[in-house]
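Structure below is query-v4.pdb: PDB, C-alpha atoms.
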MODEL        1
ATOM      1  CA  MET A   1      96.344  65.173   8.492
ATOM      2  CA  LEU A   2      98.669  66.856   6.024
ATOM      3  CA  GLN A   3     102.252  67.386   7.143
ATOM      4  CA  VAL A   4     104.698  70.281   7.181
ATOM      5  CA  GLY A   5     106.855  70.109   4.043
ATOM      6  CA  GLN A   6     104.060  68.864   1.793
ATOM      7  CA  THR A   7     102.791  70.928  -1.112
ATOM      8  CA  ALA A   8      99.445  72.467  -0.196
ATOM      9  CA  PRO A   9      96.644  70.819  -2.179
ATOM     10  CA  ASP A  10      95.260  73.072  -4.897
ATOM     11  CA  PHE A  11      91.596  74.082  -4.896
ATOM     12  CA  THR A  12      89.166  76.698  -6.142
ATOM     13  CA  LEU A  13      86.326  78.118  -4.018
ATOM     14  CA  ASN A  14      84.189  81.233  -4.235
ATOM     15  CA  THR A  15      84.944  84.242  -2.055
ATOM     16  CA  THR A  16      82.492  86.459  -0.204
ATOM     17  CA  ASP A  17      81.951  88.500  -3.370
ATOM     18  CA  GLY A  18      81.386  85.426  -5.541
ATOM     19  CA  THR A  19      84.710  85.553  -7.369
ATOM     20  CA  PRO A  20      86.763  82.370  -7.533
ATOM     21  CA  PHE A  21      89.799  81.973  -5.295
ATOM     22  CA  HIS A  22      92.308  79.584  -6.837
ATOM     23  CA  LEU A  23      95.168  78.583  -4.528
ATOM     24  CA  ALA A  24      97.663  78.135  -7.383
ATOM     25  CA  ASP A  25      97.146  81.790  -8.345
ATOM     26  CA  ARG A  26      98.483  82.842  -4.906
ATOM     27  CA  ARG A  27     102.056  81.689  -5.439
ATOM     28  CA  GLY A  28     104.609  84.402  -4.760
ATOM     29  CA  ARG A  29     103.116  85.421  -1.394
ATOM     30  CA  HIS A  30     102.809  83.527   1.853
ATOM     31  CA  LEU A  31      99.297  82.478   2.799
ATOM     32  CA  VAL A  32      97.610  81.908   6.133
ATOM     33  CA  LEU A  33      94.754  79.543   5.397
ATOM     34  CA  TYR A  34      92.526  78.988   8.382
ATOM     35  CA  PHE A  35      89.621  76.575   8.663
ATOM     36  CA  TYR A  36      86.994  77.468  11.251
ATOM     37  CA  PRO A  37      83.688  75.882  12.325
ATOM     38  CA  LYS A  38      80.989  78.532  11.770
ATOM     39  CA  ASP A  39      80.356  82.213  11.083
ATOM     40  CA  ASP A  40      79.269  84.420  13.975
ATOM     41  CA  THR A  41      79.950  81.981  16.801
ATOM     42  CA  PRO A  42      81.982  83.292  19.761
ATOM     43  CA  GLY A  43      85.283  81.516  19.070
ATOM     44  CA  CYS A  44      85.121  82.002  15.310
ATOM     45  CA  THR A  45      84.276  85.682  15.690
ATOM     46  CA  ALA A  46      87.183  86.173  18.113
ATOM     47  CA  GLU A  47      89.540  84.439  15.685
ATOM     48  CA  ALA A  48      88.353  86.398  12.634
ATOM     49  CA  CYS A  49      88.503  89.714  14.503
ATOM     50  CA  SER A  50      91.994  88.915  15.769
ATOM     51  CA  PHE A  51      93.139  88.273  12.187
ATOM     52  CA  ARG A  52      91.371  91.525  11.215
ATOM     53  CA  ASP A  53      93.014  93.549  13.968
ATOM     54  CA  GLN A  54      96.471  92.278  13.008
ATOM     55  CA  TYR A  55      95.887  92.117   9.255
ATOM     56  CA  GLU A  56      98.421  94.862   8.513
ATOM     57  CA  ASP A  57     101.062  92.868  10.402
ATOM     58  CA  PHE A  58     100.366  89.896   8.130
ATOM     59  CA  GLN A  59     100.578  92.109   5.052
ATOM     60  CA  ASP A  60     103.898  93.517   6.302
ATOM     61  CA  LEU A  61     105.149  89.930   6.697
ATOM     62  CA  GLY A  62     104.272  89.244   3.042
ATOM     63  CA  ALA A  63     101.252  87.084   3.817
ATOM     64  CA  ASP A  64      97.618  87.030   2.827
ATOM     65  CA  VAL A  65      94.916  85.670   5.137
ATOM     66  CA  VAL A  66      91.991  83.534   3.982
ATOM     67  CA  GLY A  67      89.301  81.848   6.088
ATOM     68  CA  ILE A  68      87.312  78.749   5.095
ATOM     69  CA  SER A  69      84.149  77.260   6.552
ATOM     70  CA  SER A  70      81.179  75.358   5.209
ATOM     71  CA  ASP A  71      78.933  78.410   5.588
ATOM     72  CA  SER A  72      77.332  79.841   2.449
ATOM     73  CA  GLU A  73      78.578  82.853   0.496
ATOM     74  CA  ALA A  74      75.606  84.823   1.883
ATOM     75  CA  SER A  75      76.555  83.933   5.463
ATOM     76  CA  HIS A  76      80.171  84.916   4.762
ATOM     77  CA  GLN A  77      79.025  88.239   3.289
ATOM     78  CA  LYS A  78      77.056  89.092   6.428
ATOM     79  CA  PHE A  79      79.885  87.983   8.718
ATOM     80  CA  THR A  80      82.452  89.967   6.696
ATOM     81  CA  GLN A  81      80.321  93.126   6.691
ATOM     82  CA  LYS A  82      79.351  92.882  10.352
ATOM     83  CA  HIS A  83      82.960  92.546  11.513
ATOM     84  CA  ARG A  84      84.648  94.546   8.717
ATOM     85  CA  LEU A  85      86.949  91.719   7.712
ATOM     86  CA  PRO A  86      89.610  92.850   5.192
ATOM     87  CA  PHE A  87      90.343  89.344   3.915
ATOM     88  CA  PRO A  88      88.233  86.843   1.972
ATOM     89  CA  LEU A  89      86.219  84.020   3.437
ATOM     90  CA  LEU A  90      85.687  80.991   1.223
ATOM     91  CA  ALA A  91      82.496  78.960   1.058
ATOM     92  CA  ASP A  92      83.305  75.243   1.270
ATOM     93  CA  ALA A  93      79.635  74.222   1.336
ATOM     94  CA  GLY A  94      80.221  70.522   0.710
ATOM     95  CA  GLY A  95      83.342  70.346   2.856
ATOM     96  CA  ALA A  96      85.484  69.085  -0.047
ATOM     97  CA  VAL A  97      88.441  71.374   0.708
ATOM     98  CA  ARG A  98      88.228  70.602   4.425
ATOM     99  CA  LYS A  99      88.499  66.908   3.465
ATOM    100  CA  LEU A 100      91.312  67.632   0.990
ATOM    101  CA  TYR A 101      93.276  69.295   3.814
ATOM    102  CA  GLU A 102      92.348  66.455   6.177
ATOM    103  CA  VAL A 103      91.018  68.849   8.823
ATOM    104  CA  PRO A 104      89.707  66.638  11.632
ATOM    105  CA  ARG A 105      86.351  67.088  13.283
ATOM    106  CA  ALA A 106      86.361  68.234  16.904
ATOM    107  CA  LEU A 107      84.323  67.736  20.071
ATOM    108  CA  LEU A 108      83.526  64.059  19.572
ATOM    109  CA  GLY A 109      83.098  64.602  15.834
ATOM    110  CA  LEU A 110      80.229  67.049  16.282
ATOM    111  CA  LEU A 111      81.952  70.200  14.989
ATOM    112  CA  PRO A 112      84.226  70.979  12.065
ATOM    113  CA  GLY A 113      87.762  71.497  13.373
ATOM    114  CA  ARG A 114      89.763  74.716  13.704
ATOM    115  CA  VAL A 115      93.088  74.338  11.900
ATOM    116  CA  THR A 116      95.442  76.976  10.498
ATOM    117  CA  PHE A 117      98.025  76.357   7.784
ATOM    118  CA  VAL A 118     100.921  78.634   6.878
ATOM    119  CA  ILE A 119     101.760  78.080   3.215
ATOM    120  CA  ASP A 120     104.913  79.673   1.852
ATOM    121  CA  LYS A 121     105.181  81.531  -1.430
ATOM    122  CA  GLU A 122     106.177  78.313  -3.239
ATOM    123  CA  GLY A 123     103.031  76.544  -2.036
ATOM    124  CA  VAL A 124     104.683  74.396   0.649
ATOM    125  CA  ILE A 125     103.058  73.958   4.052
ATOM    126  CA  GLN A 126     105.387  75.454   6.659
ATOM    127  CA  TYR A 127     103.202  75.214   9.759
ATOM    128  CA  ILE A 128      99.978  73.581  10.971
ATOM    129  CA  PHE A 129      98.174  74.583  14.146
ATOM    130  CA  ASN A 130      95.207  72.465  15.260
ATOM    131  CA  SER A 131      93.303  73.766  18.287
ATOM    132  CA  MET A 132      89.639  74.364  19.049
ATOM    133  CA  SER A 133      90.380  76.283  22.244
ATOM    134  CA  GLY A 134      92.247  79.554  22.238
ATOM    135  CA  ALA A 135      90.999  80.652  18.826
ATOM    136  CA  THR A 136      93.150  83.784  18.902
ATOM    137  CA  ASP A 137      96.269  81.657  19.514
ATOM    138  CA  HIS A 138      96.081  80.787  15.807
ATOM    139  CA  VAL A 139      96.944  84.398  14.999
ATOM    140  CA  ARG A 140      99.880  84.641  17.400
ATOM    141  CA  HIS A 141     101.410  81.337  16.316
ATOM    142  CA  THR A 142     101.138  82.046  12.596
ATOM    143  CA  LYS A 143     102.724  85.489  12.976
ATOM    144  CA  ASP A 144     105.659  83.911  14.803
ATOM    145  CA  VAL A 145     106.129  81.421  11.967
ATOM    146  CA  LEU A 146     105.887  84.100   9.272
ATOM    147  CA  LYS A 147     108.580  86.155  10.994
ATOM    148  CA  ARG A 148     110.988  83.246  10.427
ATOM    149  CA  LEU A 149     110.171  82.835   6.726
ATOM    150  CA  PRO A 150     111.984  84.868   4.076
ATOM    151  CA  ALA A 151     109.745  87.738   2.947
TER     152      ALA A 151
ENDMDL
END

Could you take the file, read its structure, and then write that structure out as structure tokens?
Amino acid sequence: MLQVGQTAPDFTLNTTDGTPFHLADRRGRHLVLYFYPKDDTPGCTAEACSFRDQYEDFQDLGADVVGISSDSEASHQKFTQKHRLPFPLLADAGGAVRKLYEVPRALLGLLPGRVTFVIDKEGVIQYIFNSMSGATDHVRHTKDVLKRLPA
């Protein structure tokens, strides 16, 4: 897997509204980039809603939040609308970005993994949290890391 201190690999994926999200265009703000297994499953919904409920805290810490799964743009649109998510979800249909970020598979290789990266405003990975259980722990841990980074 990628390591803290490495430059985050650049990529472009479409957002829930079909516009391209290009990582390099996000320099100047911290970014919480979280990979999750699937829209509308219990753990993934809890994680997304936890990021939603604390979204203003992330904004106050100078960070944007972006979720990535292999679900389609249409699935992301439904998930975003249903749960009123204020941040974009990116459709990584072929799993290329998941592979680029070396996100491991979980549960005996049956499910895509749940990994969160904190990328600073210069594009350097400052934190990696890999855990399938405790989906909402991803939110707590990343906020703690962001509090230690210069705004």

Exercise. So which residues get picked by the PyMOL selection byres ((chain A and resi 114) around 7) here, written as a PyMOL selection string?
Worked result: chain A and resi 35-37+112-113+115-116+130-132

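In terms of minimum interatomic distance to Asp10 in chain A, A:Tyr101 ranks closest within A:Phe129, A:Tyr101, A:Phe51, A:Phe117, counting all atoms listed in the file.
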
Exercise. Hey, what comes out of the PyMOL selection byres ((chain A and resi 138-149) around 12) on this file? Could you write it as a ChimeraX atom specification?
Worked result: /A:29-36,43-44,46-65,67,114-122,124-137,150-151

Exercise. Smallest atom-to-atom distance to Thr19 in chain A: which of A:Val4, A:Ala91, A:Leu85, A:Val97, using only C-alpha atoms?
Worked result: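 For Thr19 in chain A, the nearest of the candidates is A:Ala91.
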
For this session: One decimal, Å: what's the distance from CA of Ala93 in chain A over to CA of Ser69 in chain A, could you say?
Result: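 Between CA of Ala93 in chain A and CA of Ser69 in chain A the gap works out to 7.5 Å.
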
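For the atom pair formed by CA of Lys38 in chain A and CA of Glu73 in chain A, the distance is 12.3 Å, given to one decimal.
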
Exercise. For the atom pair CA of Ala74 in chain A and CA of His22 in chain A, what is the interatomic distance in Å to one decimal place?
Worked result: 19.6 Å
